[in-house]
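Participant: Structure file input28.cif (mmCIF, C-alpha atoms) right here:
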data_final
loop_
_atom_site.group_PDB
_atom_site.id
_atom_site.type_symbol
_atom_site.label_atom_id
_atom_site.label_comp_id
_atom_site.auth_asym_id
_atom_site.auth_seq_id
_atom_site.Cartn_x
_atom_site.Cartn_y
_atom_site.Cartn_z
ATOM 1 C CA MET A 1 -20.858 -80.853 68.257
ATOM 2 C CA THR A 2 -20.588 -78.783 71.413
ATOM 3 C CA VAL A 3 -23.298 -76.761 73.112
ATOM 4 C CA LEU A 4 -21.367 -73.953 74.791
ATOM 5 C CA VAL A 5 -23.186 -72.194 77.629
ATOM 6 C CA LEU A 6 -21.891 -68.782 78.718
ATOM 7 C CA ALA A 7 -23.475 -67.688 82.000
ATOM 8 C CA LEU A 8 -23.080 -63.905 81.768
ATOM 9 C CA ASP A 9 -24.197 -62.739 85.170
ATOM 10 C CA ALA A 10 -26.394 -59.597 85.138
ATOM 11 C CA LEU A 11 -26.492 -59.314 81.338
ATOM 12 C CA ASP A 12 -29.505 -57.013 81.140
ATOM 13 C CA GLU A 13 -31.908 -57.242 78.203
ATOM 14 C CA GLY A 14 -32.808 -53.563 78.467
ATOM 15 C CA LEU A 15 -29.205 -52.375 78.652
ATOM 16 C CA ILE A 16 -28.278 -54.461 75.602
ATOM 17 C CA ASP A 17 -30.803 -52.415 73.643
ATOM 18 C CA HIS A 18 -29.837 -49.177 75.389
ATOM 19 C CA PHE A 19 -26.164 -49.633 74.506
ATOM 20 C CA GLY A 20 -26.881 -51.232 71.122
ATOM 21 C CA ILE A 21 -24.458 -54.159 71.582
ATOM 22 C CA ASP A 22 -25.094 -56.496 68.644
ATOM 23 C CA ALA A 23 -22.696 -59.161 69.939
ATOM 24 C CA PHE A 24 -25.341 -60.336 72.402
ATOM 25 C CA ARG A 25 -28.054 -60.639 69.735
ATOM 26 C CA LEU A 26 -27.650 -64.085 68.232
ATOM 27 C CA GLU A 27 -30.095 -66.026 66.039
ATOM 28 C CA SER A 28 -32.794 -66.310 68.713
ATOM 29 C CA SER A 29 -32.864 -63.792 71.571
ATOM 30 C CA GLY A 30 -35.248 -62.498 74.205
ATOM 31 C CA SER A 31 -36.218 -62.313 77.838
ATOM 32 C CA LEU A 32 -35.650 -65.229 80.206
ATOM 33 C CA GLU A 33 -38.040 -65.885 83.072
ATOM 34 C CA THR A 34 -36.173 -65.901 86.379
ATOM 35 C CA TYR A 35 -37.199 -65.915 90.045
ATOM 36 C CA ALA A 36 -36.459 -64.654 93.551
ATOM 37 C CA HIS A 37 -36.404 -66.980 96.535
ATOM 38 C CA THR A 38 -34.798 -65.643 99.702
ATOM 39 C CA LYS A 39 -34.355 -62.065 98.486
ATOM 40 C CA PRO A 40 -36.726 -59.586 96.798
ATOM 41 C CA VAL A 41 -34.776 -59.954 93.536
ATOM 42 C CA PRO A 42 -32.918 -62.855 91.870
ATOM 43 C CA TYR A 43 -29.792 -63.983 93.716
ATOM 44 C CA THR A 44 -26.779 -65.321 91.829
ATOM 45 C CA PRO A 45 -25.973 -68.751 93.379
ATOM 46 C CA GLU A 46 -29.642 -69.716 93.730
ATOM 47 C CA VAL A 47 -30.527 -69.027 90.107
ATOM 48 C CA TRP A 48 -27.413 -70.523 88.505
ATOM 49 C CA ALA A 49 -27.889 -73.722 90.482
ATOM 50 C CA THR A 50 -31.418 -73.850 89.069
ATOM 51 C CA VAL A 51 -30.156 -73.291 85.524
ATOM 52 C CA ALA A 52 -27.775 -76.241 85.835
ATOM 53 C CA THR A 53 -30.128 -78.638 87.629
ATOM 54 C CA GLY A 54 -33.582 -77.573 86.448
ATOM 55 C CA LEU A 55 -34.641 -77.544 90.110
ATOM 56 C CA GLY A 56 -35.715 -74.812 92.508
ATOM 57 C CA PRO A 57 -33.753 -73.871 95.662
ATOM 58 C CA GLU A 58 -36.014 -75.993 97.834
ATOM 59 C CA LYS A 59 -34.718 -79.045 95.921
ATOM 60 C CA HIS A 60 -31.162 -78.182 94.904
ATOM 61 C CA GLY A 61 -30.422 -76.756 98.364
ATOM 62 C CA ILE A 62 -28.552 -73.593 97.339
ATOM 63 C CA SER A 63 -30.225 -70.604 98.968
ATOM 64 C CA ALA A 64 -28.967 -67.352 100.442
ATOM 65 C CA ALA A 65 -28.767 -68.907 103.890
ATOM 66 C CA GLY A 66 -26.958 -71.960 102.547
ATOM 67 C CA THR A 67 -24.892 -70.410 99.804
ATOM 68 C CA SER A 68 -21.627 -70.128 101.724
ATOM 69 C CA GLU A 69 -20.032 -73.006 103.573
ATOM 70 C CA TRP A 70 -17.367 -72.838 106.271
ATOM 71 C CA ASP A 71 -15.011 -75.516 107.570
ATOM 72 C CA ASN A 72 -15.476 -74.099 111.073
ATOM 73 C CA PRO A 73 -18.794 -75.447 112.501
ATOM 74 C CA ALA A 74 -19.408 -72.301 114.557
ATOM 75 C CA LEU A 75 -18.975 -70.044 111.529
ATOM 76 C CA GLU A 76 -21.153 -72.335 109.432
ATOM 77 C CA PHE A 77 -23.912 -72.055 112.034
ATOM 78 C CA ALA A 78 -23.610 -68.256 112.185
ATOM 79 C CA SER A 79 -23.742 -67.967 108.379
ATOM 80 C CA ARG A 80 -27.301 -69.320 108.407
ATOM 81 C CA PHE A 81 -28.468 -66.042 109.974
ATOM 82 C CA THR A 82 -26.731 -63.707 107.494
ATOM 83 C CA GLY A 83 -28.360 -65.049 104.335
ATOM 84 C CA ARG A 84 -30.810 -62.177 103.911
ATOM 85 C CA LEU A 85 -28.168 -59.463 104.250
ATOM 86 C CA SER A 86 -26.983 -57.581 101.175
ATOM 87 C CA GLU A 87 -24.004 -58.897 99.220
ATOM 88 C CA GLY A 88 -21.954 -55.904 100.340
ATOM 89 C CA THR A 89 -22.732 -56.450 104.010
ATOM 90 C CA ARG A 90 -22.075 -60.182 103.732
ATOM 91 C CA GLY A 91 -18.792 -59.422 101.992
ATOM 92 C CA THR A 92 -17.726 -56.994 104.715
ATOM 93 C CA LEU A 93 -18.563 -59.513 107.426
ATOM 94 C CA GLY A 94 -16.767 -62.241 105.514
ATOM 95 C CA LYS A 95 -13.639 -60.125 105.204
ATOM 96 C CA PHE A 96 -13.736 -59.359 108.943
ATOM 97 C CA VAL A 97 -13.960 -63.066 109.767
ATOM 98 C CA ARG A 98 -11.141 -63.946 107.342
ATOM 99 C CA THR A 99 -8.917 -61.282 108.869
ATOM 100 C CA ARG A 100 -9.588 -62.379 112.437
ATOM 101 C CA THR A 101 -9.706 -66.163 112.017
ATOM 102 C CA GLY A 102 -7.928 -67.014 108.771
ATOM 103 C CA GLU A 103 -11.068 -68.910 107.709
ATOM 104 C CA ARG A 104 -12.508 -68.481 104.207
ATOM 105 C CA GLU A 105 -16.083 -69.295 103.211
ATOM 106 C CA ARG A 106 -16.841 -71.390 100.136
ATOM 107 C CA ILE A 107 -19.739 -71.102 97.716
ATOM 108 C CA GLY A 108 -21.963 -74.063 98.543
ATOM 109 C CA GLU A 109 -22.381 -76.793 95.919
ATOM 110 C CA THR A 110 -25.500 -78.843 95.310
ATOM 111 C CA ASP A 111 -25.402 -82.626 95.420
ATOM 112 C CA ARG A 112 -28.162 -82.883 92.814
ATOM 113 C CA GLU A 113 -27.436 -83.973 89.263
ATOM 114 C CA SER A 114 -26.758 -81.185 86.757
ATOM 115 C CA LEU A 115 -26.336 -80.797 83.023
ATOM 116 C CA PHE A 116 -22.561 -81.001 83.554
ATOM 117 C CA ASP A 117 -22.637 -84.543 84.968
ATOM 118 C CA ALA A 118 -22.645 -86.298 81.593
ATOM 119 C CA ASP A 119 -19.390 -88.120 80.803
ATOM 120 C CA ASP A 120 -18.604 -85.817 77.896
ATOM 121 C CA ALA A 121 -19.698 -82.553 79.569
ATOM 122 C CA VAL A 122 -17.293 -80.095 81.194
ATOM 123 C CA VAL A 123 -17.631 -77.026 83.404
ATOM 124 C CA HIS A 124 -15.051 -74.418 84.407
ATOM 125 C CA ASN A 125 -16.811 -72.592 87.227
ATOM 126 C CA TRP A 126 -20.519 -72.345 87.980
ATOM 127 C CA PRO A 127 -21.997 -70.958 91.254
ATOM 128 C CA GLY A 128 -23.803 -73.577 93.291
ATOM 129 C CA VAL A 129 -22.493 -76.427 91.146
ATOM 130 C CA HIS A 130 -18.727 -76.297 90.634
ATOM 131 C CA ASP A 131 -15.847 -74.122 91.903
ATOM 132 C CA GLY A 132 -17.219 -70.914 93.389
ATOM 133 C CA ARG A 133 -13.782 -69.339 93.828
ATOM 134 C CA PRO A 134 -13.971 -67.114 90.698
ATOM 135 C CA LEU A 135 -17.288 -65.718 91.966
ATOM 136 C CA GLN A 136 -15.735 -65.036 95.356
ATOM 137 C CA TYR A 137 -12.857 -63.267 93.616
ATOM 138 C CA ALA A 138 -15.292 -61.008 91.747
ATOM 139 C CA TRP A 139 -17.109 -60.289 95.016
ATOM 140 C CA ASP A 140 -13.754 -59.435 96.602
ATOM 141 C CA LEU A 141 -13.091 -56.947 93.802
ATOM 142 C CA MET A 142 -16.475 -55.328 94.433
ATOM 143 C CA ASN A 143 -15.643 -54.978 98.115
ATOM 144 C CA ALA A 144 -12.237 -53.546 97.222
ATOM 145 C CA VAL A 145 -13.910 -50.886 95.047
ATOM 146 C CA SER A 146 -16.114 -49.904 97.980
ATOM 147 C CA GLU A 147 -12.927 -49.464 100.010
ATOM 148 C CA GLY A 148 -11.174 -47.274 97.449
ATOM 149 C CA MET A 149 -9.705 -49.513 94.712
ATOM 150 C CA GLY A 150 -9.126 -47.423 91.583
ATOM 151 C CA ARG A 151 -10.816 -47.992 88.240
ATOM 152 C CA THR A 152 -7.615 -49.068 86.464
ATOM 153 C CA GLU A 153 -6.847 -51.873 88.901
ATOM 154 C CA PHE A 154 -10.488 -52.955 89.153
ATOM 155 C CA GLU A 155 -10.951 -53.285 85.390
ATOM 156 C CA ARG A 156 -7.543 -54.918 84.883
ATOM 157 C CA ASP A 157 -8.341 -57.671 87.382
ATOM 158 C CA LEU A 158 -12.006 -58.054 86.429
ATOM 159 C CA PHE A 159 -11.522 -58.308 82.661
ATOM 160 C CA GLY A 160 -8.328 -60.301 83.143
ATOM 161 C CA GLN A 161 -10.414 -62.941 84.897
ATOM 162 C CA SER A 162 -13.011 -62.738 82.123
ATOM 163 C CA ALA A 163 -10.338 -63.273 79.461
ATOM 164 C CA GLU A 164 -9.281 -66.499 81.174
ATOM 165 C CA GLN A 165 -12.875 -67.738 81.311
ATOM 166 C CA PHE A 166 -13.664 -66.907 77.691
ATOM 167 C CA GLY A 167 -10.322 -68.402 76.631
ATOM 168 C CA TRP A 168 -11.257 -71.682 78.321
ATOM 169 C CA ALA A 169 -14.616 -71.617 76.518
ATOM 170 C CA ARG A 170 -12.970 -71.183 73.124
ATOM 171 C CA GLU A 171 -10.519 -74.009 73.817
ATOM 172 C CA MET A 172 -13.307 -76.455 74.685
ATOM 173 C CA LEU A 173 -14.600 -76.063 71.134
ATOM 174 C CA ASN A 174 -11.467 -77.910 69.989
ATOM 175 C CA HIS A 175 -12.323 -81.034 71.992
ATOM 176 C CA PRO A 176 -15.033 -83.732 71.803
ATOM 177 C CA VAL A 177 -17.342 -82.461 74.537
ATOM 178 C CA SER A 178 -21.117 -82.314 74.263
ATOM 179 C CA VAL A 179 -21.700 -79.488 76.767
ATOM 180 C CA ALA A 180 -19.303 -76.878 78.138
ATOM 181 C CA GLY A 181 -20.252 -74.172 80.621
ATOM 182 C CA VAL A 182 -18.587 -71.251 82.370
ATOM 183 C CA HIS A 183 -19.893 -68.439 84.567
ATOM 184 C CA VAL A 184 -18.601 -64.876 84.067
ATOM 185 C CA HIS A 185 -19.370 -62.291 86.757
ATOM 186 C CA ALA A 186 -17.878 -59.239 85.044
ATOM 187 C CA LEU A 187 -21.110 -57.467 84.069
ATOM 188 C CA ASP A 188 -22.554 -57.912 87.554
ATOM 189 C CA ALA A 189 -19.451 -56.462 89.203
ATOM 190 C CA ALA A 190 -19.273 -53.628 86.659
ATOM 191 C CA GLY A 191 -22.999 -52.993 87.047
ATOM 192 C CA HIS A 192 -22.670 -52.528 90.785
ATOM 193 C CA ALA A 193 -19.596 -50.309 90.382
ATOM 194 C CA TYR A 194 -20.868 -48.231 87.451
ATOM 195 C CA ALA A 195 -24.632 -48.036 88.009
ATOM 196 C CA ASP A 196 -24.397 -44.234 87.827
ATOM 197 C CA ASP A 197 -21.681 -44.067 85.146
ATOM 198 C CA GLU A 198 -23.206 -44.751 81.727
ATOM 199 C CA ALA A 199 -19.992 -44.436 79.762
ATOM 200 C CA ALA A 200 -18.066 -46.831 81.997
ATOM 201 C CA LEU A 201 -20.794 -49.473 81.997
ATOM 202 C CA ARG A 202 -21.138 -49.160 78.214
ATOM 203 C CA ARG A 203 -17.408 -49.897 77.886
ATOM 204 C CA ALA A 204 -17.847 -52.970 80.086
ATOM 205 C CA TYR A 205 -20.673 -54.245 77.860
ATOM 206 C CA GLU A 206 -18.558 -53.588 74.778
ATOM 207 C CA ARG A 207 -15.594 -55.438 76.305
ATOM 208 C CA ILE A 208 -17.637 -58.517 77.164
ATOM 209 C CA GLY A 209 -19.346 -58.268 73.772
ATOM 210 C CA GLY A 210 -15.896 -58.414 72.174
ATOM 211 C CA PHE A 211 -15.170 -61.644 74.039
ATOM 212 C CA VAL A 212 -18.490 -63.068 72.811
ATOM 213 C CA ASP A 213 -17.595 -62.160 69.209
ATOM 214 C CA GLU A 214 -14.334 -64.102 69.568
ATOM 215 C CA VAL A 215 -16.245 -67.162 70.756
ATOM 216 C CA VAL A 216 -18.728 -66.889 67.885
ATOM 217 C CA ASP A 217 -15.825 -66.751 65.414
ATOM 218 C CA ALA A 218 -14.419 -69.960 66.959
ATOM 219 C CA LEU A 219 -17.647 -71.972 66.649
ATOM 220 C CA GLY A 220 -17.578 -74.957 64.336
ATOM 221 C CA PRO A 221 -20.379 -75.547 61.819
ATOM 222 C CA ASP A 222 -22.210 -77.893 64.204
ATOM 223 C CA ASP A 223 -21.504 -76.046 67.482
ATOM 224 C CA GLU A 224 -24.126 -73.984 69.269
ATOM 225 C CA LEU A 225 -23.728 -71.070 71.665
ATOM 226 C CA LEU A 226 -26.152 -70.118 74.428
ATOM 227 C CA LEU A 227 -25.817 -66.843 76.348
ATOM 228 C CA LEU A 228 -27.742 -66.556 79.612
ATOM 229 C CA SER A 229 -28.178 -64.189 82.500
ATOM 230 C CA ASP A 230 -29.755 -64.753 85.897
ATOM 231 C CA HIS A 231 -30.967 -61.145 86.264
ATOM 232 C CA GLY A 232 -30.154 -57.664 85.025
ATOM 233 C CA MET A 233 -28.942 -54.514 86.780
ATOM 234 C CA ARG A 234 -30.795 -51.301 87.522
ATOM 235 C CA THR A 235 -28.962 -48.077 86.753
ATOM 236 C CA ALA A 236 -29.362 -44.373 87.375
ATOM 237 C CA PHE A 237 -29.386 -43.552 83.650
ATOM 238 C CA TYR A 238 -31.722 -46.161 82.092
ATOM 239 C CA PRO A 239 -35.193 -44.525 81.876
ATOM 240 C CA PRO A 240 -37.288 -47.583 82.932
ATOM 241 C CA ASP A 241 -35.319 -47.690 86.210
ATOM 242 C CA ALA A 242 -36.457 -44.235 87.322
ATOM 243 C CA GLY A 243 -37.437 -44.379 90.979
ATOM 244 C CA GLU A 244 -35.577 -47.657 91.579
ATOM 245 C CA ASP A 245 -32.371 -48.134 93.552
ATOM 246 C CA PRO A 246 -29.380 -48.059 91.185
ATOM 247 C CA ALA A 247 -27.016 -51.047 91.397
ATOM 248 C CA SER A 248 -29.813 -53.370 92.505
ATOM 249 C CA HIS A 249 -30.741 -56.460 90.486
ATOM 250 C CA SER A 250 -33.412 -56.058 87.822
ATOM 251 C CA TRP A 251 -35.770 -58.726 86.470
ATOM 252 C CA ARG A 252 -34.484 -58.280 82.908
ATOM 253 C CA ALA A 253 -32.783 -61.686 82.546
ATOM 254 C CA TYR A 254 -31.871 -62.634 78.990
ATOM 255 C CA ALA A 255 -31.200 -65.605 76.721
ATOM 256 C CA SER A 256 -29.653 -65.600 73.261
ATOM 257 C CA THR A 257 -28.523 -68.510 71.110
ATOM 258 C CA THR A 258 -27.210 -69.407 67.679
ATOM 259 C CA ALA A 259 -29.946 -72.068 67.467
ATOM 260 C CA ASP A 260 -33.416 -71.487 66.067
ATOM 261 C CA SER A 261 -35.058 -71.703 69.488
ATOM 262 C CA ARG A 262 -34.158 -70.682 73.030
ATOM 263 C CA PRO A 263 -35.168 -71.586 76.579
ATOM 264 C CA GLY A 264 -37.857 -69.370 78.061
ATOM 265 C CA SER A 265 -37.136 -69.908 81.749
ATOM 266 C CA VAL A 266 -34.197 -70.616 84.020
ATOM 267 C CA TYR A 267 -36.021 -73.831 84.904
ATOM 268 C CA SER A 268 -36.028 -75.069 81.296
ATOM 269 C CA VAL A 269 -32.404 -74.356 80.367
ATOM 270 C CA ARG A 270 -31.124 -77.797 81.368
ATOM 271 C CA GLU A 271 -33.732 -79.610 79.290
ATOM 272 C CA TRP A 272 -33.070 -77.313 76.324
ATOM 273 C CA VAL A 273 -29.285 -77.822 76.468
ATOM 274 C CA GLU A 274 -29.491 -81.583 76.911
ATOM 275 C CA SER A 275 -31.937 -81.932 74.037
ATOM 276 C CA ARG A 276 -29.646 -79.946 71.729
ATOM 277 C CA ALA A 277 -26.593 -81.920 72.823
ATOM 278 C CA ALA A 278 -28.432 -85.195 72.232
ATOM 279 C CA THR A 279 -28.778 -84.361 68.537
ATOM 280 C CA ALA A 280 -25.027 -84.735 68.078
ATOM 281 C CA THR A 281 -23.982 -87.961 66.364
ATOM 282 C CA SER A 282 -20.661 -89.688 66.956
ATOM 283 C CA THR A 283 -18.557 -90.344 63.860
ATOM 284 C CA GLY A 284 -16.242 -92.707 65.682
ATOM 285 C CA GLU A 285 -13.258 -90.582 64.718
ATOM 286 C CA ASP A 286 -12.500 -89.399 68.246
ATOM 287 C CA VAL A 287 -10.671 -92.210 70.001
ATOM 288 C CA ASP A 288 -9.417 -91.737 73.526
ATOM 289 C CA GLU A 289 -5.932 -93.178 73.104
ATOM 290 C CA ASP A 290 -3.648 -94.063 75.995
ATOM 291 C CA ILE A 291 -0.615 -91.879 76.650
ATOM 292 C CA GLU A 292 2.737 -93.624 76.974
ATOM 293 C CA MET A 293 4.446 -91.482 79.580
ATOM 294 C CA PRO A 294 8.089 -92.200 80.577
ATOM 295 C CA THR A 295 7.248 -92.790 84.238
ATOM 296 C CA ASP A 296 10.744 -93.935 85.248
ATOM 297 C CA ARG A 297 12.298 -90.687 84.048
ATOM 298 C CA LEU A 298 9.556 -88.647 85.760
ATOM 299 C CA ARG A 299 10.279 -90.445 89.051
ATOM 300 C CA GLU A 300 13.955 -89.570 88.698
ATOM 301 C CA LEU A 301 12.974 -85.921 88.301
ATOM 302 C CA GLY A 302 10.742 -86.069 91.363
ATOM 303 C CA TYR A 303 7.428 -85.558 89.583
ATOM 304 C CA LEU A 304 6.111 -89.011 90.525
ATOM 305 C CA GLU A 305 6.450 -91.022 93.718
#
Would you mind giving the structure from this file in structure tokens?

Facilitator:
Amino acid sequence: MTVLVLALDALDEGLIDHFGIDAFRLESSGSLETYAHTKPVPYTPEVWATVATGLGPEKHGISAAGTSEWDNPALEFASRFTGRLSEGTRGTLGKFVRTRTGERERIGETDRESLFDADDAVVHNWPGVHDGRPLQYAWDLMNAVSEGMGRTEFERDLFGQSAEQFGWAREMLNHPVSVAGVHVHALDAAGHAYADDEAALRRAYERIGGFVDEVVDALGPDDELLLLSDHGMRTAFYPPDAGEDPASHSWRAYASTTADSRPGSVYSVREWVESRAATATSTGEDVDEDIEMPTDRLRELGYLE
């Protein structure tokens, strides 16, 4: 049995209903309590680190001021004072520094235990916990749009990345893992780009919904799927957002699962996942056999020292 966790950044409960995307409505669905810490609205690395650890930013250490890490001590010091700036401004500053210095910031990673630390748990990428490069890539695409990247190139690269992430998720269902998790930033990036374009954002929801349908079709009889978001996205066309700034984060975080219950808060996700994974029983059929690799031949070919 595998509990597969898809972290669909900015999947908005209200927009799911507005667009009528059934793919996101699994057995048990509804709002997910989230929080804001260093910003007025939920912030991606902070919340996803909480989802994975069950801890708040004051304990897991991932906050806006400490989200990015630099190898250069001077740049690391300066980054502490840019934490409250908008993502766009931070991205512009980051690009300027990369161009001038060749340095590249990293998404900070907590040293606290997470739901992916079990021996039979795996994670592809998860902000604040493991490999922030895919998130940085999505942020780079958002900055490129602001500088004139066309829709065709933006969607090709954004959904191409999503296809890789969903493909990894489907593959993990073929292996003896208790928990598998991956973060997908496509709806956040599309929400920022298309906050005033209802048709384009609908297509993005439909595209990601199609990926979710493929995962559901791949589930085994004992597997469970959990969809989560850290926040939603305000738009210019969704009536409840009237008077709000389009393309800003909403509080409409969401959870949906194939199980008969769901977590109610970002703080309770870890406990929920681990309790579901603990119900799996080992049949003893999966044996981790050694691989007899022809090392001498591989040395001759230069693959091994």

Participant: I'd like the interatomic distance between CA of Ala10 (chain A) and CA of Leu219 (chain A), to a tenth of an Å.

Facilitator: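 Separation of CA of Ala10 (chain A) and CA of Leu219 (chain A): 23.9 Å.
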
Participant: Report, in Å to a single decimal, how far apart CA of Ala195 (chain A) and CA of Gly150 (chain A) are.

Facilitator: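 So the two atoms, CA of Gly150 (chain A) and CA of Ala195 (chain A), lie 15.9 Å apart.
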
Participant: Return the single residue from A:Pro176, A:Gly181, A:Gly20, A:Gly264 that is closest to Leu6 (chain A), with distances computed using only C-alpha atoms.

Facilitator: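 Smallest distance to Leu6 (chain A) is found for A:Gly181.
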
Participant: Could you write out as a PyMOL selection string the residues that the PyMOL selection byres ((chain A and resi 7) around 12) matches in the shown file?

Facilitator: chain A and resi 4-6+8-11+44-45+47-49+51-52+123-127+135+162+165-166+169+180-188+208+212+225-231+253-256+266+269

Participant: Convert the current residue selection to file output with C-alpha atoms, as a PDB file, keeping the file's coordinate frame.

Facilitator:
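Generated file (selection07.pdb):
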ATOM      1  CA  LEU A   4     -21.367 -73.953  74.791  1.00  0.00           C
ATOM      2  CA  VAL A   5     -23.186 -72.194  77.629  1.00  0.00           C
ATOM      3  CA  LEU A   6     -21.891 -68.782  78.718  1.00  0.00           C
ATOM      4  CA  LEU A   8     -23.080 -63.905  81.768  1.00  0.00           C
ATOM      5  CA  ASP A   9     -24.197 -62.739  85.170  1.00  0.00           C
ATOM      6  CA  ALA A  10     -26.394 -59.597  85.138  1.00  0.00           C
ATOM      7  CA  LEU A  11     -26.492 -59.314  81.338  1.00  0.00           C
ATOM      8  CA  THR A  44     -26.779 -65.321  91.829  1.00  0.00           C
ATOM      9  CA  PRO A  45     -25.973 -68.751  93.379  1.00  0.00           C
ATOM     10  CA  VAL A  47     -30.527 -69.027  90.107  1.00  0.00           C
ATOM     11  CA  TRP A  48     -27.413 -70.523  88.505  1.00  0.00           C
ATOM     12  CA  ALA A  49     -27.889 -73.722  90.482  1.00  0.00           C
ATOM     13  CA  VAL A  51     -30.156 -73.291  85.524  1.00  0.00           C
ATOM     14  CA  ALA A  52     -27.775 -76.241  85.835  1.00  0.00           C
ATOM     15  CA  VAL A 123     -17.631 -77.026  83.404  1.00  0.00           C
ATOM     16  CA  HIS A 124     -15.051 -74.418  84.407  1.00  0.00           C
ATOM     17  CA  ASN A 125     -16.811 -72.592  87.227  1.00  0.00           C
ATOM     18  CA  TRP A 126     -20.519 -72.345  87.980  1.00  0.00           C
ATOM     19  CA  PRO A 127     -21.997 -70.958  91.254  1.00  0.00           C
ATOM     20  CA  LEU A 135     -17.288 -65.718  91.966  1.00  0.00           C
ATOM     21  CA  SER A 162     -13.011 -62.738  82.123  1.00  0.00           C
ATOM     22  CA  GLN A 165     -12.875 -67.738  81.311  1.00  0.00           C
ATOM     23  CA  PHE A 166     -13.664 -66.907  77.691  1.00  0.00           C
ATOM     24  CA  ALA A 169     -14.616 -71.617  76.518  1.00  0.00           C
ATOM     25  CA  ALA A 180     -19.303 -76.878  78.138  1.00  0.00           C
ATOM     26  CA  GLY A 181     -20.252 -74.172  80.621  1.00  0.00           C
ATOM     27  CA  VAL A 182     -18.587 -71.251  82.370  1.00  0.00           C
ATOM     28  CA  HIS A 183     -19.893 -68.439  84.567  1.00  0.00           C
ATOM     29  CA  VAL A 184     -18.601 -64.876  84.067  1.00  0.00           C
ATOM     30  CA  HIS A 185     -19.370 -62.291  86.757  1.00  0.00           C
ATOM     31  CA  ALA A 186     -17.878 -59.239  85.044  1.00  0.00           C
ATOM     32  CA  LEU A 187     -21.110 -57.467  84.069  1.00  0.00           C
ATOM     33  CA  ASP A 188     -22.554 -57.912  87.554  1.00  0.00           C
ATOM     34  CA  ILE A 208     -17.637 -58.517  77.164  1.00  0.00           C
ATOM     35  CA  VAL A 212     -18.490 -63.068  72.811  1.00  0.00           C
ATOM     36  CA  LEU A 225     -23.728 -71.070  71.665  1.00  0.00           C
ATOM     37  CA  LEU A 226     -26.152 -70.118  74.428  1.00  0.00           C
ATOM     38  CA  LEU A 227     -25.817 -66.843  76.348  1.00  0.00           C
ATOM     39  CA  LEU A 228     -27.742 -66.556  79.612  1.00  0.00           C
ATOM     40  CA  SER A 229     -28.178 -64.189  82.500  1.00  0.00           C
ATOM     41  CA  ASP A 230     -29.755 -64.753  85.897  1.00  0.00           C
ATOM     42  CA  HIS A 231     -30.967 -61.145  86.264  1.00  0.00           C
ATOM     43  CA  ALA A 253     -32.783 -61.686  82.546  1.00  0.00           C
ATOM     44  CA  TYR A 254     -31.871 -62.634  78.990  1.00  0.00           C
ATOM     45  CA  ALA A 255     -31.200 -65.605  76.721  1.00  0.00           C
ATOM     46  CA  SER A 256     -29.653 -65.600  73.261  1.00  0.00           C
ATOM     47  CA  VAL A 266     -34.197 -70.616  84.020  1.00  0.00           C
ATOM     48  CA  VAL A 269     -32.404 -74.356  80.367  1.00  0.00           C
TER      49      VAL A 269
END

Participant: Restricting the calculation to only C-alpha atoms, which member of A:Glu214, A:Glu300, A:Asp12, A:Glu271 is positioned closest to Ser114 (chain A)?

Facilitator: A:Glu271

Participant: I'd like to know which of A:Thr295, A:Thr235, A:Thr110, A:Ser146 is closest to Glu58 (chain A), using all atoms listed in the file.

Facilitator: A:Thr110

Participant: Would you list the contacts of Ala236 (chain A) as number ranges by chain, taking every protein, DNA or RNA residue within 10 Å and counting all atoms listed in the file, but skipping same-chain residues closer than 5 positions in sequence?

Facilitator: A: 194-198, 241-247

Participant: With distances taken over all atoms listed in the file, which of A:Met142, A:Leu201, A:Val41, A:Ile107 is nearest to Val129 (chain A)?

Facilitator: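 That would be A:Ile107, the residue with the smallest distance to Val129 (chain A).
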
Participant: So which residues touch Ala277 (chain A) within 7 Å, counting only C-alpha atoms, skipping near sequence neighbours fewer than 5 positions away, as a list in words?

Facilitator: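 My reading of the contact set: Thr2, Val3, Ser178 and Val179 of chain A.
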
Participant: Please indicate the distance in Å from CA of Trp272 (chain A) to CA of Glu224 (chain A), rounded to one decimal place.

Facilitator: 11.9 Å

Participant: Which residues, named as in the file, does the PyMOL selection byres ((chain A and resi 19) around 10) pick out? Answer as a ChimeraX atom specification.

Facilitator: /A:14-18,20-22,198-199,201-203,205-206

Participant: Here's the selection I'm unsure about, the PyMOL selection byres ((chain A and resi 261) around 10); applied to the file above, which residues does it give, as a count of residues only?

Facilitator: 12

Participant: Could you check the closest approach to Gly210 (chain A) for each of A:Glu33, A:Arg106, A:Glu147, A:Ala163 and tell me which residue wins, using only C-alpha atoms?

Facilitator: A:Ala163

Participant: Would you please work out which residue, of A:Asp296, A:Glu171, A:Glu164, A:Glu105, is nearest to Gly220 (chain A) when using all atoms listed in the file?

Facilitator: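 Under the stated criterion, the closest residue is A:Glu171.
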
Participant: Which residues, written as a VMD selection string, have at least one atom at most 12 Å from Pro57 (chain A), with only C-alpha atoms counted and residues fewer than 6 positions away on the same chain left out?

Facilitator: chain A and resid 35 to 38 42 to 51 63 to 67 109 to 110 112 128 267
